[in-house]
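**Q** Can you read through this structure? Questions will come right after.
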Amino acid sequence: MTSLPVDWLEKEKDRRTLRVDASAFSDKVYEALTAACALVVPGLVIAIAVAVFAAAWPAFAKLGLSIVTTSDWDVAAGHFGAAPAIFGTIVSSAVALIIATPLAIGVAVFLSEFSPTWLRQPVGFLVDLLAAIPSVVYGLWGIFVLIPLLREHVMPFLRDTLHLGATPFFRGPAYGPSMLAAGVILSIMALPYISSVSREVLMAVPRSQREAALALGATRWEMIRDAVVPYARSGIIGGIMLGLGRALGETMAVTMVIGNRPEISASLLAPGYTMASLIANEFSEATNDLHLSALMAVGAILFIITLIVNAGARWLVWSVSRKRAQ
Amino acid sequence: MRALKLAALMLLAVACAKEGANNSATASSTTSSSSQSVDLTGAGATFPYPIYSKWFSDYATATGVKINYQSIGSGGGIRQLSERTVDFGASDSPMSDDELSKAKGGPILHIPTVLGADVITYNVPGVTAPLKLTPAAIADIFLGRVKKWNDTRIASLNPGVSLPGQDILVVHRSDGSGTTYIFTDYLSTSVPAWKTSVGKGKEVKWPVGLGAKGNEGAAGQVKQTPGSIGYVELAYAKQNNLPIAAIRNKSGQFIAASVPAVTAAAAGAAKALPANTDYRISIVDAPGAASYPISSFTWILVYQHQKDAVKGKKLVDFLNWALTEGEKSAVTLDYAPLPAEMATTVKARLSTIDLSGAK
């Protein structure tokens, strides 16, 4: 009988152990590498937070909460009340979400449920492409296309034709640059984030979920409303929060269309201000130490608001998915 | 999954950007330390950047001395000079006593280089002839006291011009800028009510109006909005053919902004200067029949005591060249040159810079 030569067996054994050793080694390297990446990013966040809060400290120490609660921003007089900018950041982002969310979910539902396959790719691609347009380009488009359109047609229509001017939210002259213009620009910028995430989670809803709904005699619309969208709800909320994060921090495009007026006005037709715009406008020419520190403080407040929003989003996603699990 | 990919892509982009920034940082630090490639570095005002960069390039061609200038804004220029991270700074508004006292390299000289001016531009439907305005009328408009174009305070200055009963929309700069400083300095100097209610600064608390970023933003806003009025830098207005108002000067003449009218304002103001002036002077509302009243110097800032004798000499040589040869090319870029007699006295001041390298 023929047996395998012993030396061959030995060699094969060596080769295999070697391979095992090598893969164990590469596992270690890979682990160390990813751990390093995972540590660098939180480290960066902490480093930025420390730097911003340290630079903002003199202003907080001197002005206290008046930065948040007062609305008089007068550099020459040493008054730094950022309430209008905080208000503007929140309102413009809220307007953006009010416009973008239904639109984005509509796009997502159409693409995942109704769209013919040949249309799905190109439309999805074009919507995603909105995220790739630089914000300064949005700003230019806002100045030259959106603002004249709002001033000449949309604002008079809302205020006079629909008589919304009777409410405080659409009162006053229509100059063009306004909270509304900022909200519309931001909604376009936030839309791809919301629709892209929503589409993915809608498409990930299991087939059995749909079939069960249909088997119970649901129409297509009822199936989407009662079986598909609730299943994907936590993912959709995550997408909305991603869009909100985009809207809160956006600087350039908003600065170009919001009118940069540090006043709190209920009217969406009136100009406003945002925290990011305030910093971008004044930072490069700020020489006075307190002024610089106050701008840093505004940055710190923006940081805190974004943190709260993110934490809120986490909590919302968590509570929604927990409810479903029950 | 798509979101993950997106996040990964964004991370990658951040990493690349960081890489790029690191590279450029190391590149600039190596170039500034090796004297062969760049001899002098400066930072500051954006407004004179076009003429300065022309000077630096002409000077490099003529003498081989290379100057690197970062137009990061006057505030940044002052900070960097105070920290001595650059050889010279540049600013559109003079440094305050407080800022001067914080400079780490001792006394600082203000060297006026060229002049800039603000013009009032407007968009009034149906009005083609240049509007005439007085300082009081401008202040009333920007304070929100004059609300309509056919207000008698404007109409009485412009007989024969049919002004519409339209609302006035004030457009001002939203970003901190030397342009705003000149404009508010002018109104503070010539209108007491402005001084007490708004004051002057690179950013002020505007009683009315919309804020737009940059000269292009302000000009664009005015161009687009019927009934609006705003102020922009002269060079920008000339290059874009904006309608500009004629402003009544101290002698009662209505003057449309032009390069000679701005230089005339400097000449008018220079006559009254004491011999030991530190050149931290405002020339708004300057005397002289031909003077345009909303004008200002822009300055290069240098230390009186140069700690590096070789660099110091290069810097002084360049400034002498700029005040002699450089001034000739200013007008091609719509900057007003210094009046000739003033250039001479400023050059005399340059000779007082201490190049011993001591201290």
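Order determines the names: the first chain of the structure tokens is A, the second B, and so forth; residues in each chain are numbered 1 upward, and ligands are numbered 1 upward as they are shown.
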How close does chain B get to chain A? List, as a Markdown table, each residue of chain B within 7 Å, its nearest atom pair and the distance in Å to one decimal, counting only C-alpha atoms.

**A**
```
| residue | atom | partner | partner_atom | distance |
| --- | --- | --- | --- | --- |
| B:Arg2 | CA | A:Val197 | CA | 6.9 |
| B:Ala3 | CA | A:Val197 | CA | 6.2 |
| B:Ile72 | CA | A:Ser284 | CA | 6.8 |
| B:Gly73 | CA | A:Ser284 | CA | 5.7 |
| B:Ser74 | CA | A:Glu285 | CA | 5.9 |
| B:Gly75 | CA | A:Glu285 | CA | 4.3 |
| B:Gly76 | CA | A:Ser284 | CA | 6.3 |
| B:Ser174 | CA | A:Asn281 | CA | 6.1 |
| B:Asp175 | CA | A:Asn281 | CA | 4.0 |
| B:Gly176 | CA | A:Glu282 | CA | 5.1 |
| B:Ser177 | CA | A:Glu285 | CA | 6.5 |
| B:Gly201 | CA | A:Ala76 | CA | 6.6 |
| B:Glu203 | CA | A:Val75 | CA | 6.9 |
| B:Val204 | CA | A:Asp74 | CA | 6.2 |
| B:Lys205 | CA | A:Asp74 | CA | 5.2 |
| B:Leu210 | CA | A:Gly259 | CA | 4.9 |
| B:Gly211 | CA | A:Asn260 | CA | 4.7 |
| B:Ala212 | CA | A:Gly259 | CA | 6.4 |
| B:Lys213 | CA | A:Met256 | CA | 6.7 |
```

**Q** Those same residues, written as an mmCIF file, in the first residue's frame with C-alpha atoms?

**A**
```
data_model
loop_
_atom_site.group_PDB
_atom_site.id
_atom_site.type_symbol
_atom_site.label_atom_id
_atom_site.label_comp_id
_atom_site.auth_asym_id
_atom_site.auth_seq_id
_atom_site.Cartn_x
_atom_site.Cartn_y
_atom_site.Cartn_z
ATOM 1 C CA ARG B 2 -26.452 53.789 2.359
ATOM 2 C CA ALA B 3 -26.155 56.032 5.400
ATOM 3 C CA ILE B 72 -7.480 86.816 6.326
ATOM 4 C CA GLY B 73 -9.116 90.065 7.443
ATOM 5 C CA SER B 74 -7.841 93.032 9.424
ATOM 6 C CA GLY B 75 -8.623 91.415 12.761
ATOM 7 C CA GLY B 76 -6.561 88.343 11.965
ATOM 8 C CA SER B 174 -23.506 91.517 7.750
ATOM 9 C CA ASP B 175 -19.851 90.548 8.040
ATOM 10 C CA GLY B 176 -17.353 92.606 9.977
ATOM 11 C CA SER B 177 -15.582 94.789 7.432
ATOM 12 C CA GLY B 201 -17.220 99.954 14.090
ATOM 13 C CA GLU B 203 -19.905 95.720 12.773
ATOM 14 C CA VAL B 204 -22.561 97.872 14.404
ATOM 15 C CA LYS B 205 -26.122 97.404 15.575
ATOM 16 C CA LEU B 210 -31.023 93.593 5.785
ATOM 17 C CA GLY B 211 -27.499 92.288 6.186
ATOM 18 C CA ALA B 212 -25.631 90.877 3.198
ATOM 19 C CA LYS B 213 -22.244 89.202 3.212
#
```

**Q** Write out as a PDB file with C-alpha atoms, in the first residue's frame which residues come within 7 Å of segment 293-296 of chain A when counting only C-alpha atoms, dropping same-chain ones fewer than 6 positions away.

**A**
```pdb
ATOM      1  CA  VAL A  52     -14.513  75.666  22.057  1.00  0.00           C
ATOM      2  CA  ALA A  55     -12.301  79.835  24.371  1.00  0.00           C
ATOM      3  CA  ALA A  56     -15.912  80.595  25.270  1.00  0.00           C
ATOM      4  CA  PRO A  58     -14.327  84.315  29.389  1.00  0.00           C
ATOM      5  CA  ALA A  59     -17.621  85.313  27.755  1.00  0.00           C
ATOM      6  CA  PHE A  80     -23.688  90.084  23.291  1.00  0.00           C
ATOM      7  CA  ILE A 279     -20.024  83.277  13.693  1.00  0.00           C
TER       8      ILE A 279
END
```

**Q** Can you measure atom CA of Gly220 of chain B to atom CA of Ala253 of chain A for me? One decimal in Å is fine.

**A** 14.9 Å

**Q** Here is a test: counting only C-alpha atoms, which residue of B:Lys223, B:Lys238, B:His305, B:Lys311 is nearest to Lys104 of chain B?

**A** B:His305

**Q** How far is it from atom CA of Ile301 of chain A to atom CA of Ala94 of chain A, in Å with one decimal?

**A**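 About the pair atom CA of Ile301 of chain A and atom CA of Ala94 of chain A: they are 17.6 Å apart.
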